[in-house]
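Visitor: What follows is final33.cif, made up of mmCIF, C-alpha atoms:
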```
data_input
loop_
_atom_site.label_atom_id
_atom_site.label_comp_id
_atom_site.auth_asym_id
_atom_site.auth_seq_id
_atom_site.Cartn_x
_atom_site.Cartn_y
_atom_site.Cartn_z
CA MET A 8 0.00 0.00 0.00
CA ASN A 9 1.74 3.15 -1.13
CA LYS A 10 -1.21 5.52 -1.18
CA ILE A 11 -3.31 6.71 1.73
CA ASN A 12 -7.02 6.53 0.91
CA THR A 13 -8.51 9.83 2.00
CA ASP A 14 -11.84 9.25 0.30
CA VAL A 15 -13.55 7.47 3.16
CA ASN A 16 -16.61 9.37 4.36
CA TYR A 17 -18.06 7.68 7.41
CA ARG A 18 -21.02 10.04 7.61
CA THR A 19 -22.09 9.14 4.09
CA MET A 20 -21.52 5.47 4.69
CA ALA A 21 -23.54 5.50 7.90
CA GLY A 22 -26.49 7.33 6.38
CA ASN A 23 -29.43 6.95 8.74
CA ALA A 24 -28.23 3.65 10.19
CA ARG A 25 -28.56 3.26 13.94
CA LEU A 26 -25.80 0.69 14.16
CA VAL A 27 -22.41 0.87 12.50
CA MET A 28 -19.92 -1.92 13.05
CA LEU A 29 -16.26 -1.21 12.39
CA GLY A 30 -14.58 -4.58 11.88
CA GLU A 31 -10.80 -4.68 11.93
CA SER A 32 -9.54 -7.45 9.68
CA SER A 33 -6.67 -8.07 12.07
CA HIS A 34 -6.06 -7.09 15.69
CA ASN A 35 -2.36 -6.61 14.93
CA PRO A 36 -1.96 -3.22 13.23
CA ALA A 37 -2.23 -0.11 15.38
CA ILE A 38 -3.23 1.93 12.34
CA TYR A 39 -6.76 0.46 12.26
CA LYS A 40 -7.50 1.89 15.70
CA PHE A 41 -6.37 5.36 14.56
CA GLU A 42 -8.61 5.07 11.53
CA ALA A 43 -11.47 4.18 13.88
CA ILE A 44 -10.78 7.36 15.87
CA LYS A 45 -11.38 9.32 12.66
CA ALA A 46 -14.63 7.41 12.18
CA LEU A 47 -15.82 8.12 15.72
CA LYS A 48 -15.29 11.85 15.33
CA GLU A 49 -17.30 11.92 12.12
CA LEU A 50 -20.05 9.66 13.39
CA LYS A 51 -20.49 11.63 16.60
CA LYS A 52 -21.18 14.72 14.49
CA VAL A 53 -24.11 12.97 12.82
CA GLY A 54 -25.70 11.86 16.05
CA PHE A 55 -24.12 8.62 17.18
CA THR A 56 -24.37 8.29 20.96
CA TYR A 57 -22.64 5.06 22.01
CA PHE A 58 -19.28 3.42 21.39
CA ALA A 59 -19.07 -0.29 22.21
CA MET A 60 -15.90 -2.31 21.91
CA GLU A 61 -14.86 -5.95 21.94
CA MET A 62 -11.60 -5.25 23.70
CA LEU A 63 -13.04 -4.48 27.14
CA PRO A 64 -14.92 -7.03 29.29
CA ARG A 65 -18.31 -6.28 30.83
CA SER A 66 -16.78 -6.76 34.25
CA MET A 67 -14.89 -3.50 33.71
CA GLN A 68 -17.98 -1.43 32.89
CA ASP A 69 -17.88 0.25 36.32
CA LYS A 70 -14.28 1.35 35.78
CA VAL A 71 -15.14 2.52 32.27
CA GLU A 72 -18.05 4.57 33.60
CA PHE A 73 -15.89 6.05 36.34
CA TYR A 74 -13.31 7.12 33.78
CA GLN A 75 -16.05 8.46 31.51
CA ARG A 76 -17.56 10.52 34.33
CA THR A 77 -14.43 11.79 36.03
CA GLY A 78 -11.54 11.48 33.60
CA SER A 79 -9.68 9.48 36.24
CA GLY A 80 -8.83 5.81 36.33
CA PHE A 81 -7.72 5.45 32.74
CA ASN A 82 -4.71 3.50 33.95
CA PHE A 83 -6.94 0.50 34.78
CA ILE A 84 -8.20 0.46 31.23
CA GLN A 85 -4.74 0.84 29.72
CA GLN A 86 -3.41 -1.91 32.01
CA TYR A 87 -6.05 -4.27 30.64
CA PHE A 88 -5.03 -3.50 27.07
CA ASP A 89 -1.35 -3.89 27.98
CA GLU A 90 -1.96 -7.31 29.51
CA TYR A 91 -4.46 -8.85 27.11
CA TRP A 92 -4.24 -6.96 23.82
CA ALA A 93 -0.51 -6.75 23.08
CA ARG A 94 -1.01 -7.89 19.48
CA GLY A 95 1.77 -5.87 17.99
CA TYR A 96 3.83 -2.72 18.17
CA LEU A 97 1.88 0.12 19.86
CA VAL A 98 -1.39 -1.83 19.68
CA PRO A 99 -2.35 -1.54 23.39
CA GLN A 100 -1.62 2.17 23.30
CA ALA A 101 -3.72 2.52 20.18
CA TYR A 102 -6.70 0.82 21.86
CA GLY A 103 -6.18 3.21 24.75
CA GLU A 104 -6.26 6.19 22.39
CA LEU A 105 -9.49 4.85 20.89
CA VAL A 106 -11.16 4.83 24.31
CA LYS A 107 -9.85 8.31 25.10
CA ALA A 108 -11.15 9.61 21.78
CA ALA A 109 -14.60 8.11 22.39
CA ARG A 110 -14.77 9.90 25.75
CA GLU A 111 -13.46 13.17 24.32
CA VAL A 112 -16.11 13.33 21.59
CA GLY A 113 -18.84 12.42 24.06
CA LEU A 114 -19.78 8.88 23.10
CA LYS A 115 -20.91 6.66 25.96
CA ILE A 116 -18.43 3.79 26.15
CA ILE A 117 -19.68 0.22 26.50
CA ALA A 118 -17.47 -2.72 27.45
CA LEU A 119 -18.93 -5.64 25.54
CA ASP A 120 -16.92 -8.77 26.10
CA LEU A 121 -16.74 -11.72 28.44
CA THR A 122 -13.60 -12.27 30.50
CA LEU A 123 -11.08 -14.84 29.37
CA GLU A 124 -12.07 -17.08 32.26
CA GLU A 125 -15.70 -16.93 31.14
CA MET A 126 -14.72 -17.78 27.56
CA ASP A 127 -12.65 -20.74 28.73
CA ALA A 128 -15.56 -22.00 30.85
CA ILE A 129 -17.87 -21.82 27.84
CA ASP A 130 -15.42 -23.64 25.59
CA ALA A 131 -14.94 -26.34 28.23
CA SER A 132 -18.69 -26.90 28.16
CA CYS A 133 -19.13 -27.19 24.40
CA GLY A 134 -16.86 -29.19 22.10
CA PHE A 135 -16.67 -28.62 18.36
CA ASP A 136 -19.10 -31.36 17.28
CA TYR A 137 -21.81 -30.14 19.65
CA ALA A 138 -21.24 -26.50 18.68
CA GLU A 139 -21.48 -27.34 14.98
CA ALA A 140 -24.74 -29.19 15.60
CA LYS A 141 -25.98 -26.12 17.55
CA LYS A 142 -26.67 -28.20 20.65
CA CYS A 143 -24.61 -25.65 22.54
CA PHE A 144 -22.46 -22.64 21.67
CA ASP A 145 -18.72 -22.13 21.60
CA SER A 146 -17.23 -19.01 23.17
CA HIS A 147 -17.13 -17.14 19.85
CA THR A 148 -20.87 -17.60 19.39
CA VAL A 149 -21.69 -16.87 23.04
CA ARG A 150 -19.75 -13.63 22.80
CA ASN A 151 -21.66 -12.67 19.65
CA LEU A 152 -25.02 -13.53 21.26
CA VAL A 153 -24.24 -11.57 24.42
CA TRP A 154 -22.96 -8.56 22.45
CA ALA A 155 -26.07 -8.62 20.24
CA GLN A 156 -28.33 -8.67 23.29
CA ASN A 157 -26.45 -5.75 24.81
CA ILE A 158 -26.53 -3.72 21.59
CA ASN A 159 -30.21 -4.44 21.05
CA ALA A 160 -30.98 -3.35 24.61
CA ILE A 161 -29.35 0.01 23.89
CA LEU A 162 -31.09 0.42 20.53
CA ASN A 163 -34.46 -0.52 22.01
CA GLN A 164 -34.09 1.82 24.99
CA LEU A 165 -34.47 5.00 22.95
CA ASN A 166 -34.99 5.66 19.25
CA GLN A 167 -32.31 8.35 19.47
CA ASN A 168 -29.65 5.84 20.52
CA ARG A 169 -27.16 5.11 17.75
CA VAL A 170 -24.25 2.78 18.31
CA VAL A 171 -20.78 2.41 16.82
CA VAL A 172 -19.18 -0.93 17.63
CA TYR A 173 -15.50 -1.81 17.22
CA MET A 174 -14.56 -5.48 16.89
CA HIS A 175 -12.74 -8.02 14.76
CA ARG A 176 -14.58 -8.42 11.47
CA TRP A 177 -15.14 -12.13 12.14
CA HIS A 178 -17.53 -11.09 14.91
CA ALA A 179 -19.37 -8.59 12.73
CA VAL A 180 -20.14 -11.20 10.07
CA ARG A 181 -20.42 -14.98 10.14
CA ALA A 182 -17.03 -16.63 10.64
CA ALA A 183 -17.41 -20.41 10.22
CA GLY A 184 -20.74 -21.53 8.78
CA TYR A 185 -22.22 -22.41 12.18
CA GLN A 186 -21.05 -19.20 13.92
CA GLU A 187 -23.62 -16.44 13.34
CA GLY A 188 -22.26 -12.93 13.14
CA LEU A 189 -23.63 -9.80 14.75
CA ASP A 190 -25.03 -8.64 11.42
CA THR A 191 -27.77 -11.29 11.57
CA LEU A 192 -28.01 -11.67 15.35
CA VAL A 193 -28.80 -7.99 15.90
CA LYS A 194 -31.48 -8.07 13.18
CA VAL A 195 -33.10 -11.22 14.58
CA GLY A 196 -33.08 -9.69 18.06
CA ALA A 197 -34.74 -6.59 16.71
CA TYR A 198 -37.48 -8.65 15.03
CA GLN A 199 -38.07 -10.50 18.26
CA GLN A 200 -38.36 -7.27 20.23
CA SER A 201 -40.79 -5.71 17.79
CA GLY A 202 -42.88 -8.84 17.57
CA LEU A 203 -42.41 -9.16 13.81
CA MET B 20 -35.15 -2.83 11.67
CA ASN B 21 -33.02 0.15 10.79
CA GLN B 22 -29.99 -0.37 8.72
CA ILE B 23 -26.97 -2.10 10.05
CA ILE B 24 -23.78 -1.20 8.36
CA VAL B 25 -20.64 -3.21 8.61
CA ILE B 26 -17.60 -1.30 7.64
CA THR B 27 -14.65 -3.58 7.45
CA LEU B 28 -11.30 -1.97 7.82
CA CYS B 29 -9.22 -3.91 5.36
CA PHE B 30 -6.00 -2.05 5.07
CA SER B 31 -3.12 -4.15 3.92
CA VAL B 32 -0.71 -4.83 6.69
CA VAL B 33 2.47 -2.89 6.11
CA LEU B 34 4.26 -4.07 9.18
CA CYS B 35 3.34 -7.44 10.57
CA PRO B 36 5.57 -8.49 13.43
CA ARG B 37 5.00 -11.85 15.11
CA SER B 38 1.92 -11.17 17.16
CA PHE B 39 1.87 -11.62 20.89
CA ALA B 40 -1.60 -13.01 21.24
CA GLY B 41 -1.58 -13.01 25.06
CA THR B 42 -3.85 -15.37 26.81
CA PHE B 43 -6.58 -15.27 24.18
CA PHE B 44 -4.47 -17.95 22.53
CA PRO B 45 -3.17 -20.51 25.05
CA LYS B 46 0.40 -21.66 24.57
CA HIS B 47 -0.21 -25.34 23.91
CA ASP B 48 2.56 -27.56 22.56
CA ILE B 49 1.27 -28.96 19.30
CA ASN B 50 3.46 -32.03 19.80
CA ASP B 51 2.08 -32.80 23.23
CA PRO B 52 0.69 -36.36 22.97
CA ASN B 53 -1.84 -35.58 25.71
CA LEU B 54 -3.44 -32.77 23.74
CA SER B 55 -7.06 -33.64 22.97
CA ASN B 56 -8.36 -33.43 19.42
CA ASP B 57 -10.95 -30.96 20.62
CA THR B 58 -8.22 -28.67 21.96
CA VAL B 59 -6.38 -28.86 18.64
CA MET B 60 -9.56 -27.81 16.80
CA LEU B 61 -10.16 -25.02 19.32
CA GLN B 62 -6.62 -23.71 18.74
CA CYS B 63 -7.29 -23.80 15.02
CA LYS B 64 -10.47 -21.71 15.43
CA LYS B 65 -8.87 -19.25 17.85
CA SER B 66 -5.85 -18.73 15.63
CA LEU B 67 -8.02 -17.03 12.99
CA MET B 68 -8.28 -13.91 15.14
CA TYR B 69 -5.60 -14.29 17.77
CA ALA B 70 -2.64 -16.08 16.20
CA PRO B 71 -2.89 -16.04 12.40
CA SER B 72 0.82 -16.85 12.09
CA GLN B 73 0.12 -20.22 13.71
CA LEU B 74 -3.17 -20.89 11.94
CA GLU B 75 -1.99 -23.23 9.22
CA MET B 76 0.01 -25.31 11.68
CA TRP B 77 -2.93 -25.83 14.04
CA CYS B 78 -5.59 -26.23 11.42
CA GLU B 79 -3.61 -28.73 9.40
CA ARG B 80 -3.17 -30.75 12.57
CA ALA B 81 -6.90 -30.46 13.27
CA TYR B 82 -7.56 -31.79 9.77
CA GLU B 83 -5.17 -34.68 10.36
CA VAL B 84 -7.01 -35.70 13.52
CA GLY B 85 -10.33 -35.77 11.73
CA TYR B 86 -11.77 -32.26 11.62
CA TRP B 87 -12.17 -31.59 7.90
CA GLN B 88 -14.01 -28.39 8.88
CA ALA B 89 -10.61 -26.97 9.90
CA LEU B 90 -10.08 -26.41 6.19
CA GLU B 91 -12.71 -23.66 6.36
CA VAL B 92 -10.57 -21.73 8.85
CA ILE B 93 -7.55 -22.09 6.55
CA ALA B 94 -9.68 -20.93 3.65
CA LEU B 95 -10.92 -17.87 5.56
CA HIS B 96 -7.32 -16.96 6.29
CA THR B 97 -5.74 -17.63 2.88
CA GLY B 98 -8.71 -16.86 0.65
CA ASP B 99 -8.26 -20.20 -1.13
CA GLY B 100 -11.23 -22.41 -0.37
CA SER B 101 -10.66 -25.00 -3.09
CA HIS B 102 -9.58 -27.78 -0.73
CA TYR B 103 -12.36 -26.95 1.71
CA VAL B 104 -15.07 -26.93 -0.96
CA ALA B 105 -13.81 -30.21 -2.42
CA GLU B 106 -13.91 -31.80 1.01
CA ALA B 107 -17.38 -30.40 1.75
CA GLN B 108 -18.55 -31.73 -1.62
CA LYS B 109 -17.25 -35.19 -0.77
CA HIS B 110 -19.05 -35.23 2.58
CA ALA B 111 -22.22 -33.82 1.03
CA GLU B 112 -22.22 -36.58 -1.58
CA ASN B 113 -22.02 -39.07 1.28
CA GLY B 114 -25.21 -37.54 2.64
CA GLU B 115 -23.52 -36.15 5.72
CA PRO B 116 -25.37 -33.16 7.24
CA ASP B 117 -22.11 -31.29 7.98
CA GLY B 118 -21.09 -31.50 4.34
CA ILE B 119 -24.48 -30.58 2.93
CA LEU B 120 -24.82 -27.57 5.21
CA ALA B 121 -21.25 -26.42 4.62
CA LEU B 122 -21.78 -26.47 0.87
CA ALA B 123 -25.18 -24.78 1.21
CA PHE B 124 -23.63 -21.94 3.18
CA ALA B 125 -20.77 -21.59 0.69
CA TYR B 126 -23.29 -21.07 -2.14
CA GLU B 127 -25.45 -18.83 0.03
CA SER B 128 -22.58 -16.57 1.01
CA GLY B 129 -20.54 -16.76 -2.18
CA ARG B 130 -17.53 -17.74 -0.13
CA PHE B 131 -15.00 -19.75 -2.17
CA VAL B 132 -17.61 -20.47 -4.86
CA PRO B 133 -19.68 -18.11 -7.01
CA GLN B 134 -22.79 -17.18 -5.06
CA ASN B 135 -25.77 -19.23 -6.15
CA LEU B 136 -28.79 -18.81 -3.90
CA HIS B 137 -30.86 -21.38 -5.83
CA LYS B 138 -28.18 -24.02 -5.39
CA SER B 139 -28.03 -23.09 -1.73
CA ILE B 140 -31.80 -23.49 -1.40
CA THR B 141 -31.61 -26.93 -3.03
CA LEU B 142 -28.94 -28.07 -0.60
CA TYR B 143 -30.70 -26.67 2.44
CA ASN B 144 -33.89 -28.42 1.35
CA GLN B 145 -31.97 -31.66 0.86
CA TYR B 146 -30.76 -31.39 4.43
CA LEU B 147 -34.29 -30.68 5.69
CA ASN B 148 -35.73 -33.64 3.80
CA ASP B 149 -33.03 -35.97 5.15
CA ASN B 150 -33.36 -34.81 8.75
CA LYS B 151 -37.05 -34.18 9.23
CA GLY B 152 -38.15 -35.28 12.69
CA ILE B 153 -34.68 -36.27 13.86
CA GLU B 154 -34.41 -35.05 17.45
CA GLU B 155 -30.60 -34.78 17.29
CA GLU B 156 -30.88 -32.30 14.44
CA LYS B 157 -33.70 -30.20 15.93
CA MET B 158 -31.69 -26.99 16.38
CA ARG B 159 -29.90 -27.22 13.04
CA VAL B 160 -33.20 -27.89 11.26
CA ALA B 161 -34.65 -24.74 12.79
CA ALA B 162 -31.48 -22.78 11.95
CA THR B 163 -31.75 -24.00 8.36
CA HIS B 164 -35.30 -22.69 8.17
CA GLU B 165 -33.95 -19.37 9.42
CA ASP B 166 -31.29 -19.39 6.68
CA LEU B 167 -33.97 -20.13 4.07
CA TYR B 168 -36.12 -17.33 5.46
CA LEU B 169 -33.23 -14.90 4.99
CA ILE B 170 -32.47 -16.17 1.47
CA TYR B 171 -36.07 -15.98 0.29
CA THR B 172 -36.36 -12.50 1.79
CA GLU B 173 -33.32 -11.45 -0.22
CA LEU B 174 -34.85 -12.98 -3.35
CA GLY B 175 -38.09 -11.11 -2.72
CA ASN B 176 -40.11 -14.31 -2.38
CA PHE B 177 -41.97 -13.24 0.74
CA GLU B 178 -44.45 -16.11 0.63
CA LYS B 179 -41.70 -18.72 0.92
CA ALA B 180 -39.88 -16.54 3.43
CA ALA B 181 -42.98 -16.44 5.61
CA GLU B 182 -43.35 -20.22 5.36
CA HIS B 183 -39.87 -20.75 6.77
CA LYS B 184 -40.29 -18.05 9.39
CA ARG B 185 -43.48 -19.79 10.53
CA PHE B 186 -41.50 -22.98 11.10
CA PHE B 187 -38.87 -21.51 13.36
CA ASP B 188 -41.45 -19.37 15.15
CA GLU B 189 -43.73 -22.34 15.79
CA ASN B 190 -40.78 -24.38 16.99
CA ASN B 191 -39.61 -21.62 19.33
CA TYR B 192 -36.16 -21.58 17.76
CA ILE B 193 -35.19 -18.16 19.12
CA GLU B 194 -36.49 -19.05 22.58
CA ASN B 195 -34.66 -22.39 22.51
CA LYS B 196 -31.47 -20.63 21.51
CA ASP B 197 -31.89 -18.19 24.39
CA ALA B 198 -32.52 -21.07 26.77
CA ILE B 199 -29.34 -22.89 25.65
CA LEU B 200 -27.35 -19.67 26.05
CA LYS B 201 -28.73 -18.96 29.53
CA LYS B 202 -28.14 -22.54 30.67
CA GLN B 203 -24.54 -22.49 29.47
CA MET B 204 -23.87 -19.11 31.04
CA ASN B 205 -25.48 -20.10 34.35
CA GLU B 206 -23.48 -23.32 34.49
CA ALA B 207 -20.29 -21.39 33.75
CA GLY B 208 -21.13 -18.86 36.48
CA ILE B 209 -21.44 -16.00 34.01
CA PRO B 210 -23.93 -13.17 34.73
CA VAL B 211 -26.73 -13.41 32.22
CA ASP B 212 -28.08 -9.85 32.26
CA SER B 213 -26.30 -7.03 30.53
CA GLU B 214 -24.63 -4.59 32.88
CA GLN B 215 -26.36 -1.69 31.10
#
```
For the file at hand, write its structure as structure tokens.
Guide:
Amino acid sequence: MNKINTDVNYRTMAGNARLVMLGESSHNPAIYKFEAIKALKELKKVGFTYFAMEMLPRSMQDKVEFYQRTGSGFNFIQQYFDEYWARGYLVPQAYGELVKAAREVGLKIIALDLTLEEMDAIDASCGFDYAEAKKCFDSHTVRNLVWAQNINAILNQLNQNRVVVYMHRWHAVRAAGYQEGLDTLVKVGAYQQSGL
Amino acid sequence: MNQIIVITLCFSVVLCPRSFAGTFFPKHDINDPNLSNDTVMLQCKKSLMYAPSQLEMWCERAYEVGYWQALEVIALHTGDGSHYVAEAQKHAENGEPDGILALAFAYESGRFVPQNLHKSITLYNQYLNDNKGIEEEKMRVAATHEDLYLIYTELGNFEKAAEHKRFFDENNYIENKDAILKKQMNEAGIPVDSEQ
């Protein structure tokens, strides 16, 4: 890649959508997170209200809210990225900058994920053959289901709520054939809520 | 439901150091004779997002120990699905549900083969005909009706779409999925409600 693409217009792409998912095709490059910061700034201007991310577990939501409210306590968040998201050079710092940017532009930050211990417990309970037969769910699918429920709860709370979500692209769309992605799970959840 | 937009950040990776996947990708020894086949397949699946540099190693081992579906993970990573499709074809011709459904999804999604929704419908219907009333396949049968509902909706055949939606509604597919999720989460000690 020897040319920077400056043609991306997130506002145009979002249109009147209430949910935009930014799916990084790899966790490794820091540059994707900086591109997402650009997206957040543009999307906030057109009325997006929430920023949800894969890279923080639900168990940290209190710490996230404290940081959001007071500006203090960011070190806990950065420590988490340093410990669990060291995918490459400057990657933890880049995730940290993404959270800071979301707070600075005024998006409410949502920690989406399960903890690693929770994921391991789920995987211990559901082997591949059972997961493929949909008799139970592997951790990838459980994460997607839980995130979809959380996102739908926000969207259903108020019509004005609009959510930007940051995740690996294999969560946003179906990965393996038996692992539904958020693109269908959120829609199905919405149909269920509206009784359609 | 309002629009959902998935924006996939697909920049080419300029600098790709060996990733430090942290504990999202356990450091198993692939040559450990005590490693279960299920663990090998789990490593293969996890490597797609957390350790792509080790993906081919783990997924080829998963294939060797009997998980032909590991070829899908390799295909998602390399973009070359020829081996995977050939294998799925072989299993489909043997009448195996895994093979039929894998091929059906490939034609539905246009992954590794040219998209062909009519071929996908034929394969999904073959699976339904072969597995009608089989308790073991209850969830996958309902999921297949959901897939057909989505395909017919895309094709604009709302009568057929409604027929398939009726099936998974009448069989409480969404509720059953929720129940499986809640049971797994409860047994793993994971809070079920969102922290929002």
Visitor: Got a sec to resolve the PyMOL selection byres ((chain A) within 6 of (chain B)) on this structure and send the residues as a VMD selection string?
Guide: chain A and resid 24 26 to 32 91 93 to 95 128 141 157
Visitor: Please produce an output containing C-alpha atoms for each residue in the selection, written as an mmCIF file, in the coordinates of the input.
Guide:
```cif
data_model
loop_
_atom_site.group_PDB
_atom_site.id
_atom_site.type_symbol
_atom_site.label_atom_id
_atom_site.label_comp_id
_atom_site.auth_asym_id
_atom_site.auth_seq_id
_atom_site.Cartn_x
_atom_site.Cartn_y
_atom_site.Cartn_z
ATOM 1 C CA ALA A 24 -28.230 3.650 10.190
ATOM 2 C CA LEU A 26 -25.800 0.690 14.160
ATOM 3 C CA VAL A 27 -22.410 0.870 12.500
ATOM 4 C CA MET A 28 -19.920 -1.920 13.050
ATOM 5 C CA LEU A 29 -16.260 -1.210 12.390
ATOM 6 C CA GLY A 30 -14.580 -4.580 11.880
ATOM 7 C CA GLU A 31 -10.800 -4.680 11.930
ATOM 8 C CA SER A 32 -9.540 -7.450 9.680
ATOM 9 C CA TYR A 91 -4.460 -8.850 27.110
ATOM 10 C CA ALA A 93 -0.510 -6.750 23.080
ATOM 11 C CA ARG A 94 -1.010 -7.890 19.480
ATOM 12 C CA GLY A 95 1.770 -5.870 17.990
ATOM 13 C CA ALA A 128 -15.560 -22.000 30.850
ATOM 14 C CA LYS A 141 -25.980 -26.120 17.550
ATOM 15 C CA ASN A 157 -26.450 -5.750 24.810
#
```
Visitor: Can you list, as a short mmCIF file (atom, residue, chain, number, x, y, z; two decimals) with C-alpha atoms, keeping the file's coordinate frame, every protein, DNA or RNA residue that comes within 12 Å of B:Ile49 when you count all atoms listed in the file, leaving out same-chain residues fewer than 2 positions away?
Guide:
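Now in out30.cif:
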```
data_model
loop_
_atom_site.label_atom_id
_atom_site.label_comp_id
_atom_site.auth_asym_id
_atom_site.auth_seq_id
_atom_site.Cartn_x
_atom_site.Cartn_y
_atom_site.Cartn_z
CA PRO B 45 -3.17 -20.51 25.05
CA LYS B 46 0.40 -21.66 24.57
CA HIS B 47 -0.21 -25.34 23.91
CA ASP B 51 2.08 -32.80 23.23
CA PRO B 52 0.69 -36.36 22.97
CA ASN B 53 -1.84 -35.58 25.71
CA LEU B 54 -3.44 -32.77 23.74
CA SER B 55 -7.06 -33.64 22.97
CA ASN B 56 -8.36 -33.43 19.42
CA THR B 58 -8.22 -28.67 21.96
CA VAL B 59 -6.38 -28.86 18.64
CA MET B 60 -9.56 -27.81 16.80
CA GLN B 62 -6.62 -23.71 18.74
CA CYS B 63 -7.29 -23.80 15.02
CA GLN B 73 0.12 -20.22 13.71
CA LEU B 74 -3.17 -20.89 11.94
CA MET B 76 0.01 -25.31 11.68
CA TRP B 77 -2.93 -25.83 14.04
CA CYS B 78 -5.59 -26.23 11.42
CA GLU B 79 -3.61 -28.73 9.40
CA ARG B 80 -3.17 -30.75 12.57
CA ALA B 81 -6.90 -30.46 13.27
#
```
Visitor: On this structure, the PyMOL selection byres ((chain A and resi 69) around 12) would catch which residues? List them as a PDB file with C-alpha atoms, in the coordinates of the input, sorted by chain and number.
Guide:
```
ATOM      1  CA  LEU A  63     -13.040  -4.480  27.140  1.00  0.00           C
ATOM      2  CA  PRO A  64     -14.920  -7.030  29.290  1.00  0.00           C
ATOM      3  CA  ARG A  65     -18.310  -6.280  30.830  1.00  0.00           C
ATOM      4  CA  SER A  66     -16.780  -6.760  34.250  1.00  0.00           C
ATOM      5  CA  MET A  67     -14.890  -3.500  33.710  1.00  0.00           C
ATOM      6  CA  GLN A  68     -17.980  -1.430  32.890  1.00  0.00           C
ATOM      7  CA  LYS A  70     -14.280   1.350  35.780  1.00  0.00           C
ATOM      8  CA  VAL A  71     -15.140   2.520  32.270  1.00  0.00           C
ATOM      9  CA  GLU A  72     -18.050   4.570  33.600  1.00  0.00           C
ATOM     10  CA  PHE A  73     -15.890   6.050  36.340  1.00  0.00           C
ATOM     11  CA  TYR A  74     -13.310   7.120  33.780  1.00  0.00           C
ATOM     12  CA  GLN A  75     -16.050   8.460  31.510  1.00  0.00           C
ATOM     13  CA  ARG A  76     -17.560  10.520  34.330  1.00  0.00           C
ATOM     14  CA  GLY A  80      -8.830   5.810  36.330  1.00  0.00           C
ATOM     15  CA  PHE A  81      -7.720   5.450  32.740  1.00  0.00           C
ATOM     16  CA  PHE A  83      -6.940   0.500  34.780  1.00  0.00           C
ATOM     17  CA  ILE A  84      -8.200   0.460  31.230  1.00  0.00           C
ATOM     18  CA  ILE A 116     -18.430   3.790  26.150  1.00  0.00           C
ATOM     19  CA  ILE A 117     -19.680   0.220  26.500  1.00  0.00           C
ATOM     20  CA  ALA A 118     -17.470  -2.720  27.450  1.00  0.00           C
TER      21      ALA A 118
ATOM     22  CA  GLU B 214     -24.630  -4.590  32.880  1.00  0.00           C
ATOM     23  CA  GLN B 215     -26.360  -1.690  31.100  1.00  0.00           C
TER      24      GLN B 215
END
```
Visitor: With only C-alpha atoms as the counted atoms, please give the residues lying no more than 9 Å from A:Ile158, apart from itself and same-chain residues fewer than 3 positions off, as an mmCIF file with C-alpha atoms, in the coordinates of the input.
Guide:
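Output file selection07.cif is given in full below:
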```
data_model
loop_
_atom_site.group_PDB
_atom_site.id
_atom_site.type_symbol
_atom_site.label_atom_id
_atom_site.label_comp_id
_atom_site.auth_asym_id
_atom_site.auth_seq_id
_atom_site.Cartn_x
_atom_site.Cartn_y
_atom_site.Cartn_z
ATOM 1 C CA LEU A 26 -25.800 0.690 14.160
ATOM 2 C CA ALA A 59 -19.070 -0.290 22.210
ATOM 3 C CA LEU A 119 -18.930 -5.640 25.540
ATOM 4 C CA VAL A 153 -24.240 -11.570 24.420
ATOM 5 C CA TRP A 154 -22.960 -8.560 22.450
ATOM 6 C CA ALA A 155 -26.070 -8.620 20.240
ATOM 7 C CA ILE A 161 -29.350 0.010 23.890
ATOM 8 C CA LEU A 162 -31.090 0.420 20.530
ATOM 9 C CA ASN A 163 -34.460 -0.520 22.010
ATOM 10 C CA VAL A 170 -24.250 2.780 18.310
ATOM 11 C CA VAL A 172 -19.180 -0.930 17.630
ATOM 12 C CA VAL A 193 -28.800 -7.990 15.900
#
```
Visitor: Could you work out an axis-aligned box for stretch 145-151 of chain A, taking every atom the file lists and adding 4 Å on each side, and report centre and edge lengths in Å to one decimal, as AutoDock Vina command-line options?
Guide:
```
--center_x -19.4 --center_y -17.4 --center_z 21.3 --size_x 12.6 --size_y 17.5 --size_z 11.8
```
Visitor: Selection in question (the file shown): the PyMOL selection byres ((chain A and resi 41) around 12). Which residues does it include, as a list in words?
Guide: Glu31, Pro36, Ala37, Ile38, Tyr39, Lys40, Glu42, Ala43, Ile44, Lys45, Ala46, Leu47, Lys48, Leu97, Val98, Pro99, Gln100, Ala101, Tyr102, Gly103, Glu104, Leu105, Val106, Lys107, Ala108, Ala109 and Tyr173 of chain A; Leu28 of chain B
Visitor: So how far away is atom CA of A:Ala131 from atom CA of B:Ile93, in Å?
Guide: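 So the answer is 23.3 Å.
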Visitor: Give the answer as one residue: which of A:Trp92, A:Phe58, A:Trp177, A:Tyr185 has the shortest atom-to-atom distance to A:Glu111, using only C-alpha atoms?
Guide: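 With only C-alpha atoms as the atom set, the closest residue is A:Phe58.
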Visitor: One decimal, in Å: what's the spacing between atom CA of A:Ala182 and atom CA of A:Thr148?
Guide: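 Result for atom CA of A:Ala182 versus atom CA of A:Thr148: 9.6 Å, one decimal.
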Visitor: Please report the interatomic distance between atom CA of A:Glu49 and atom CA of A:Gly22 in Å with one decimal.
Guide: 11.8 Å
